[in-house]
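Below: start_28.pdb (PDB, C-alpha atoms)
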ATOM      1  CA  HIS A1133      35.238  41.027 -39.178
ATOM      2  CA  ALA A1134      35.106  38.694 -36.169
ATOM      3  CA  CYS A1135      34.465  39.775 -32.587
ATOM      4  CA  SER A1136      38.098  38.875 -31.845
ATOM      5  CA  LEU A1137      41.027  38.869 -34.230
ATOM      6  CA  GLY A1138      40.264  35.318 -35.382
ATOM      7  CA  GLY A1139      39.306  36.536 -38.831
ATOM      8  CA  ALA A1140      42.416  38.723 -39.293
ATOM      9  CA  PRO A1141      45.693  37.600 -40.877
ATOM     10  CA  ARG A1142      48.138  35.855 -38.544
ATOM     11  CA  ARG A1143      50.769  38.620 -38.661
ATOM     12  CA  LEU A1144      48.129  41.245 -37.871
ATOM     13  CA  ARG A1145      46.920  39.206 -34.907
ATOM     14  CA  ALA A1146      50.492  38.793 -33.631
ATOM     15  CA  ARG A1147      51.183  42.539 -33.988
ATOM     16  CA  HIS A1148      48.011  43.478 -32.079
ATOM     17  CA  ALA A1149      48.667  40.861 -29.427
ATOM     18  CA  THR A1150      52.182  42.199 -28.843
ATOM     19  CA  ALA A1151      50.929  45.778 -28.653
ATOM     20  CA  ALA A1152      48.142  44.816 -26.247
ATOM     21  CA  SER A1153      50.582  42.965 -24.022
ATOM     22  CA  ARG A1154      52.762  46.052 -23.709
ATOM     23  CA  ARG A1155      49.767  48.326 -22.975
ATOM     24  CA  SER A1156      47.948  45.966 -20.577
ATOM     25  CA  PRO A1157      50.042  43.326 -18.792
ATOM     26  CA  GLY A1158      46.829  41.995 -17.224
ATOM     27  CA  MET A1159      45.710  40.742 -20.607
ATOM     28  CA  ARG A1160      48.388  38.067 -20.528
ATOM     29  CA  GLY A1161      46.879  36.740 -17.318
ATOM     30  CA  ALA A1162      43.407  36.800 -18.810
ATOM     31  CA  ALA A1163      44.559  34.742 -21.769
ATOM     32  CA  ALA A1164      46.347  32.320 -19.446
ATOM     33  CA  ASP A1165      43.156  31.871 -17.448
ATOM     34  CA  GLY A1166      41.481  30.429 -20.515
ATOM     35  CA  ILE A1167      39.407  33.425 -21.680
ATOM     36  CA  SER A1168      38.548  32.810 -25.325
ATOM     37  CA  LEU A1169      40.113  35.430 -27.567
ATOM     38  CA  ASP A1170      38.868  33.878 -30.795
ATOM     39  CA  ALA A1171      35.075  33.785 -30.471
ATOM     40  CA  ARG A1172      33.885  34.090 -34.047
ATOM     41  CA  VAL A1173      30.641  35.969 -33.367
ATOM     42  CA  TYR A1174      30.010  38.824 -35.774
ATOM     43  CA  SER A1175      28.696  42.215 -34.681
ATOM     44  CA  THR A1176      29.189  45.920 -35.195
ATOM     45  CA  SER A1177      31.198  46.052 -31.958
ATOM     46  CA  ALA A1178      33.819  43.779 -33.536
ATOM     47  CA  ARG A1179      34.874  46.477 -36.003
ATOM     48  CA  VAL A1180      35.294  48.883 -33.103
ATOM     49  CA  GLY A1181      37.506  46.268 -31.444
ATOM     50  CA  LEU A1182      39.741  45.948 -34.488
ATOM     51  CA  ALA A1183      40.139  49.701 -34.664
ATOM     52  CA  SER A1184      41.062  50.082 -31.021
ATOM     53  CA  GLY A1185      43.479  47.169 -30.841
ATOM     54  CA  PHE A1186      43.533  43.786 -29.138
ATOM     55  CA  GLY A1187      41.935  45.015 -25.882
ATOM     56  CA  GLY A1188      38.886  46.329 -27.718
ATOM     57  CA  ALA A1189      38.562  43.028 -29.573
ATOM     58  CA  LEU A1190      38.408  41.145 -26.275
ATOM     59  CA  VAL A1191      35.689  43.481 -24.969
ATOM     60  CA  ALA A1192      33.686  43.001 -28.156
ATOM     61  CA  SER A1193      34.147  39.210 -27.930
ATOM     62  CA  VAL A1194      32.905  39.098 -24.329
ATOM     63  CA  ALA A1195      29.950  41.343 -25.219
ATOM     64  CA  CYS A1196      28.976  39.139 -28.135
ATOM     65  CA  THR A1197      29.334  35.974 -26.070
ATOM     66  CA  GLY A1198      27.127  37.446 -23.325
ATOM     67  CA  SER A1199      24.491  38.398 -25.881
ATOM     68  CA  SER A1200      24.489  34.861 -27.296
ATOM     69  CA  ALA A1201      24.113  33.397 -23.804
ATOM     70  CA  ALA A1202      21.122  35.664 -23.170
ATOM     71  CA  VAL A1203      19.498  34.429 -26.385
ATOM     72  CA  ILE A1204      20.104  30.798 -25.354
ATOM     73  CA  ARG A1205      18.612  31.447 -21.919
ATOM     74  CA  ARG A1206      15.508  32.965 -23.502
ATOM     75  CA  GLN A1207      15.180  30.013 -25.872
ATOM     76  CA  ARG A1208      15.509  27.495 -23.028
ATOM     77  CA  SER A1209      13.020  29.458 -20.937
ATOM     78  CA  GLY A1210      10.566  29.341 -23.819
ATOM     79  CA  VAL A1211      10.969  25.562 -24.142
ATOM     80  CA  ARG A1212      10.382  25.093 -20.409
ATOM     81  CA  THR A1213       7.303  27.298 -20.557
ATOM     82  CA  LYS A1214       5.878  25.338 -23.490
ATOM     83  CA  PHE A1215       6.543  22.044 -21.680
ATOM     84  CA  LYS A1216       4.871  23.293 -18.500
ATOM     85  CA  VAL A1217       1.829  24.259 -20.558
ATOM     86  CA  ALA A1218       1.796  20.754 -22.085
ATOM     87  CA  LEU A1219       1.965  19.140 -18.629
ATOM     88  CA  ARG A1220      -0.849  21.355 -17.398
ATOM     89  CA  SER A1221      -2.957  20.407 -20.431
ATOM     90  CA  LEU A1222      -2.253  16.712 -19.769
ATOM     91  CA  LEU A1223      -3.212  17.072 -16.112
ATOM     92  CA  ASP A1224      -6.438  18.796 -17.131
ATOM     93  CA  ASP A1225      -7.279  15.879 -19.432
ATOM     94  CA  LEU A1226      -6.692  13.395 -16.574
ATOM     95  CA  GLN A1227      -9.301  15.002 -14.325
ATOM     96  CA  GLY A1228     -12.241  12.820 -13.299
ATOM     97  CA  VAL A1229     -12.741   9.136 -12.531
ATOM     98  CA  TRP A1230     -10.674   6.255 -13.949
ATOM     99  CA  GLU A1231     -10.362   2.487 -13.440
ATOM    100  CA  ASP A1232      -7.085   0.552 -13.635
ATOM    101  CA  ASP A1233      -6.510  -3.001 -14.836
ATOM    102  CA  VAL A1234      -6.569  -4.478 -11.309
ATOM    103  CA  GLY A1235      -9.967  -3.072 -10.311
ATOM    104  CA  ASN A1236      -9.009   0.129  -8.493
ATOM    105  CA  GLU A1237     -11.045   3.282  -8.998
ATOM    106  CA  ILE A1238      -8.971   6.464  -9.215
ATOM    107  CA  SER A1239     -10.440   9.932  -8.860
ATOM    108  CA  ILE A1240      -8.270  12.832 -10.080
ATOM    109  CA  SER A1241      -8.999  16.271  -8.640
ATOM    110  CA  GLY A1242      -6.461  18.993  -9.370
ATOM    111  CA  SER A1243      -3.015  17.505  -8.684
ATOM    112  CA  GLN A1244      -4.342  14.877  -6.246
ATOM    113  CA  ALA A1245      -5.277  11.249  -6.991
ATOM    114  CA  MET A1246      -7.616   9.338  -4.667
ATOM    115  CA  PHE A1247      -7.475   5.527  -4.910
ATOM    116  CA  SER A1248     -10.319   3.233  -3.853
ATOM    117  CA  ASP A1249      -7.909   0.883  -2.013
ATOM    118  CA  GLY A1250      -8.033   3.061   1.088
ATOM    119  CA  SER A1251      -4.502   4.444   0.717
ATOM    120  CA  GLY A1252      -5.755   8.028   0.672
ATOM    121  CA  ALA A1253      -4.761  10.906  -1.595
ATOM    122  CA  TRP A1254      -1.522  10.847  -3.606
ATOM    123  CA  PRO A1255       0.116  13.900  -5.226
ATOM    124  CA  ILE A1256       0.750  14.016  -8.960
ATOM    125  CA  GLU A1257       4.217  15.540  -9.355
ATOM    126  CA  ARG A1258       6.672  16.449 -12.080
ATOM    127  CA  GLU A1259       9.413  13.888 -12.614
ATOM    128  CA  ASP A1260      12.294  14.718 -10.259
ATOM    129  CA  ASN A1261      11.318  18.401 -10.321
ATOM    130  CA  SER A1262      12.207  18.532 -13.988
ATOM    131  CA  ASP A1263      10.265  18.767 -17.241
ATOM    132  CA  ASP A1264      10.427  15.084 -18.168
ATOM    133  CA  GLY A1265       6.929  13.926 -17.191
ATOM    134  CA  LEU A1266       4.546  13.100 -14.354
ATOM    135  CA  ARG A1267       4.952  10.812 -11.362
ATOM    136  CA  LEU A1268       2.263   9.234  -9.215
ATOM    137  CA  ARG A1269       2.683   6.774  -6.355
ATOM    138  CA  GLY A1270       6.153   5.704  -7.472
ATOM    139  CA  THR A1271       5.192   5.286 -11.138
ATOM    140  CA  LEU A1272       6.143   7.288 -14.238
ATOM    141  CA  PHE A1273       3.527   8.390 -16.753
ATOM    142  CA  ILE A1274       4.237   6.801 -20.161
ATOM    143  CA  GLY A1275       0.798   6.872 -21.797
ATOM    144  CA  THR A1276      -1.447   9.459 -23.403
ATOM    145  CA  ALA A1277      -4.338  11.572 -22.185
ATOM    146  CA  GLU A1278      -6.764   9.174 -23.896
ATOM    147  CA  GLY A1279      -4.992   6.045 -22.627
ATOM    148  CA  PRO A1280      -3.075   6.763 -19.400
ATOM    149  CA  LYS A1281      -0.359   4.269 -18.505
ATOM    150  CA  TRP A1282       1.956   4.305 -15.483
ATOM    151  CA  LYS A1283       5.229   2.373 -15.280
ATOM    152  CA  PHE A1284       6.767   1.022 -12.071
ATOM    153  CA  PRO A1285      10.555   0.937 -11.517
ATOM    154  CA  ASN A1286      10.490  -2.877 -11.928
ATOM    155  CA  GLY A1287       9.048  -2.557 -15.438
ATOM    156  CA  LEU A1288       5.421  -3.432 -14.646
ATOM    157  CA  SER A1289       2.762  -0.989 -15.744
ATOM    158  CA  ARG A1290      -0.854  -0.141 -14.999
ATOM    159  CA  SER A1291      -3.336   1.081 -17.609
ATOM    160  CA  TRP A1292      -6.309   3.322 -16.934
ATOM    161  CA  VAL A1293      -9.667   3.499 -18.696
ATOM    162  CA  ARG A1294     -12.745   5.587 -18.169
ATOM    163  CA  PRO A1295     -15.469   3.582 -16.358
ATOM    164  CA  SER A1296     -18.375   2.489 -18.488
ATOM    165  CA  PRO A1297     -21.753   4.021 -17.661
ATOM    166  CA  VAL A1298     -23.782   1.821 -15.329
ATOM    167  CA  ALA A1299     -26.771   0.313 -17.106
ATOM    168  CA  PRO A1300     -30.146   0.117 -15.313
ATOM    169  CA  GLU A1301     -30.059  -3.706 -15.373
ATOM    170  CA  ASP A1302     -26.651  -3.655 -13.647
ATOM    171  CA  THR A1303     -28.054  -1.488 -10.846
ATOM    172  CA  GLU A1304     -30.956  -3.914 -10.437
ATOM    173  CA  TRP A1305     -28.589  -6.905 -10.358
ATOM    174  CA  LYS A1306     -26.431  -5.222  -7.714
ATOM    175  CA  GLN A1307     -29.424  -4.815  -5.387
ATOM    176  CA  ILE A1308     -30.603  -8.417  -5.867
ATOM    177  CA  PHE A1309     -27.070  -9.789  -5.393
ATOM    178  CA  GLN A1310     -26.466  -7.871  -2.158
ATOM    179  CA  GLN A1311     -29.856  -8.901  -0.783
ATOM    180  CA  TYR A1312     -29.201 -12.590  -1.455
ATOM    181  CA  LYS A1313     -25.679 -12.531  -0.045
ATOM    182  CA  GLY A1314     -26.972 -10.692   3.025
ATOM    183  CA  GLU A1315     -29.435 -13.490   3.741
ATOM    184  CA  LEU A1316     -26.691 -16.097   3.291
ATOM    185  CA  LEU A1317     -24.503 -14.213   5.750
ATOM    186  CA  GLY A1318     -27.381 -14.132   8.274
ATOM    187  CA  ILE A1319     -27.743 -17.928   8.081
ATOM    188  CA  ARG A1320     -24.003 -18.406   8.525
ATOM    189  CA  ARG A1321     -23.917 -16.153  11.602
ATOM    190  CA  LYS A1322     -26.827 -18.019  13.227
ATOM    191  CA  LEU A1323     -25.089 -21.327  12.473
ATOM    192  CA  TRP A1324     -21.906 -20.129  14.156
ATOM    193  CA  ALA A1325     -23.843 -18.897  17.214
ATOM    194  CA  SER A1326     -25.748 -22.180  17.636
ATOM    195  CA  ILE A1327     -22.542 -24.226  17.457
ATOM    196  CA  THR A1328     -20.852 -21.907  19.962
ATOM    197  CA  THR A1329     -23.743 -22.357  22.463
ATOM    198  CA  GLU A1330     -23.918 -26.111  21.688
ATOM    199  CA  GLU A1331     -27.493 -25.962  20.383
ATOM    200  CA  PHE A1332     -26.814 -28.737  17.926
ATOM    201  CA  SER A1333     -30.414 -29.402  16.872
ATOM    202  CA  GLU A1334     -30.804 -25.797  15.705
ATOM    203  CA  ALA A1335     -27.340 -25.943  14.138
ATOM    204  CA  ALA A1336     -28.422 -28.965  12.065
ATOM    205  CA  THR A1337     -31.479 -27.086  10.780
ATOM    206  CA  LEU A1338     -29.383 -24.084   9.900
ATOM    207  CA  ARG A1339     -26.855 -26.310   8.183
ATOM    208  CA  ASP A1340     -29.586 -27.686   5.899
ATOM    209  CA  ALA A1341     -30.746 -24.139   5.162
ATOM    210  CA  TRP A1342     -27.192 -23.178   4.261
ATOM    211  CA  ASP A1343     -26.795 -26.129   1.916
ATOM    212  CA  GLN A1344     -30.057 -25.309   0.149
ATOM    213  CA  GLY A1345     -29.199 -21.633  -0.136
ATOM    214  CA  ALA A1346     -31.166 -18.596   0.918
ATOM    215  CA  ALA A1347     -34.574 -17.746  -0.455
ATOM    216  CA  MET A1348     -34.448 -16.050  -3.810
ATOM    217  CA  PRO A1349     -35.224 -12.314  -3.734
ATOM    218  CA  LEU A1350     -38.679 -11.320  -4.923
ATOM    219  CA  GLY A1351     -38.764  -9.972  -8.428
ATOM    220  CA  SER A1352     -35.571 -11.734  -9.560
ATOM    221  CA  SER A1353     -35.634 -13.301 -13.008
ATOM    222  CA  LEU A1354     -34.890 -16.973 -13.708
ATOM    223  CA  GLU A1355     -31.499 -16.023 -15.152
ATOM    224  CA  GLN A1356     -30.645 -14.044 -12.024
ATOM    225  CA  GLN A1357     -31.787 -16.908  -9.782
ATOM    226  CA  ALA A1358     -29.557 -19.333 -11.703
ATOM    227  CA  ARG A1359     -26.558 -17.042 -11.211
ATOM    228  CA  LEU A1360     -27.291 -16.673  -7.493
ATOM    229  CA  ALA A1361     -27.700 -20.432  -7.044
ATOM    230  CA  ALA A1362     -24.325 -21.064  -8.708
ATOM    231  CA  GLY A1363     -22.598 -18.993  -6.030
ATOM    232  CA  ARG A1364     -24.749 -19.894  -3.030
ATOM    233  CA  GLY A1365     -21.755 -21.427  -1.235
ATOM    234  CA  LEU A1366     -19.831 -18.152  -1.301
ATOM    235  CA  ALA A1367     -20.456 -15.578   1.423
ATOM    236  CA  THR A1368     -18.402 -13.433   3.753
ATOM    237  CA  GLY A1369     -16.169 -15.631   5.934
ATOM    238  CA  VAL A1370     -16.252 -18.723   3.715
ATOM    239  CA  CYS A1371     -12.893 -20.448   3.147
ATOM    240  CA  PHE A1372     -11.970 -21.775  -0.283
ATOM    241  CA  VAL A1373      -9.221 -23.552  -2.230
ATOM    242  CA  HIS A1374      -8.208 -22.255  -5.659
ATOM    243  CA  ARG A1375      -9.016 -24.847  -8.303
ATOM    244  CA  VAL A1376      -5.905 -24.217 -10.404
ATOM    245  CA  PHE A1377      -3.183 -23.043  -8.024
ATOM    246  CA  GLN A1378      -4.491 -24.862  -4.932
ATOM    247  CA  TYR A1379      -3.845 -21.957  -2.561
ATOM    248  CA  ARG A1380      -6.293 -21.281   0.242
ATOM    249  CA  GLY A1381      -8.187 -18.089   0.901
ATOM    250  CA  VAL A1382     -11.197 -16.598   2.638
ATOM    251  CA  VAL A1383     -13.975 -14.422   1.276
TER     252      VAL A1383
END
Could I get this structure in the form of structure tokens?
Amino acid sequence: HACSLGGAPRRLRARHATAASRRSPGMRGAAADGISLDARVYSTSARVGLASGFGGALVASVACTGSSAAVIRRQRSGVRTKFKVALRSLLDDLQGVWEDDVGNEISISGSQAMFSDGSGAWPIEREDNSDDGLRLRGTLFIGTAEGPKWKFPNGLSRSWVRPSPVAPEDTEWKQIFQQYKGELLGIRRKLWASITTEEFSEAATLRDAWDQGAAMPLGSSLEQQARLAAGRGLATGVCFVHRVFQYRGVV
């Protein structure tokens, strides 16, 4: 038997409907309001409804429909819970330090992302307060935990990678490079000061020192000295013209 009289013969349904209308005029209004009287959900209560007439069938139908809705709500709640667990697992995998494809360093701590561009901390949020994904700084997460990728609204995307461990020779090169560039910057500052005070003889000497480049740091290898000499004309405050695109810039 069905929860309503949908499974009964047509004449039986008509007879019960007529009897129910006489006993309960309000049932006509309920049917007119669009209450489904033919929900084919099977249960023990349906047989009670058939025995008690059309009114009992409606009660059984509503009870069955409510039970089904409760099951659906529990199923949806379970899906949301599983998705929240997946998002939490993804966020856990994103913890730590990353580098993007434009040179930024990103440090993830909890649900906060700190960028090295000086913009401060940014929250990592669920997409529009739903279960569709993660958002960060106006981008949508479209990658994986091993290869994070973030998509902008205009279609561009940024990829993240874990930074490579710094080798001892890279640390040594960093110190030598900064020392050499620091000496170049000192010569350039003295040159600017001598020109400002119109000490042109000293400015000429400093200009020759600039053209020759600063003294090579002690302990630097021949390969390192060759690399430093190739960039001796580049220091903080130096203007340049791009060789390909011809635009101007300053270091």
Residues within 12 Å of region 1344-1356 of chain A, please, as a PyMOL selection string. Count only C-alpha atoms; anything in the same chain fewer than 5 positions from it doesn't count. chain A and resi 1301-1302+1304-1320+1337-1339+1361-1367
Straight-line distance linking CA of Ile1238 (chain A) with CA of Val1383 (chain A), stated in Å to one decimal: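 Answer for the CA of Ile1238 (chain A) to CA of Val1383 (chain A) separation: 23.9 Å.
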Give me, please, the distance in Å between CA of Ile1240 (chain A) and CA of Pro1285 (chain A), quoted to one decimal.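 If I compute the distance from CA of Ile1240 (chain A) to CA of Pro1285 (chain A), I get 22.3 Å.
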Nearest-residue call for Phe1284 (chain A), choices A:Ala1358, A:Leu1268, A:Ala1341, A:Ala1335, using all atoms listed in the file: A:Leu1268
CA of Ala1218 (chain A) to CA of Ala1277 (chain A): how many Å, to one decimal? 11.0 Å
Please enumerate the residues selected by the PyMOL selection byres ((chain A and resi 1230) around 10) when evaluated against the supplied file, formatted as a PyMOL selection string. chain A and resi 1226-1229+1231-1232+1236-1240+1247+1280+1291-1296
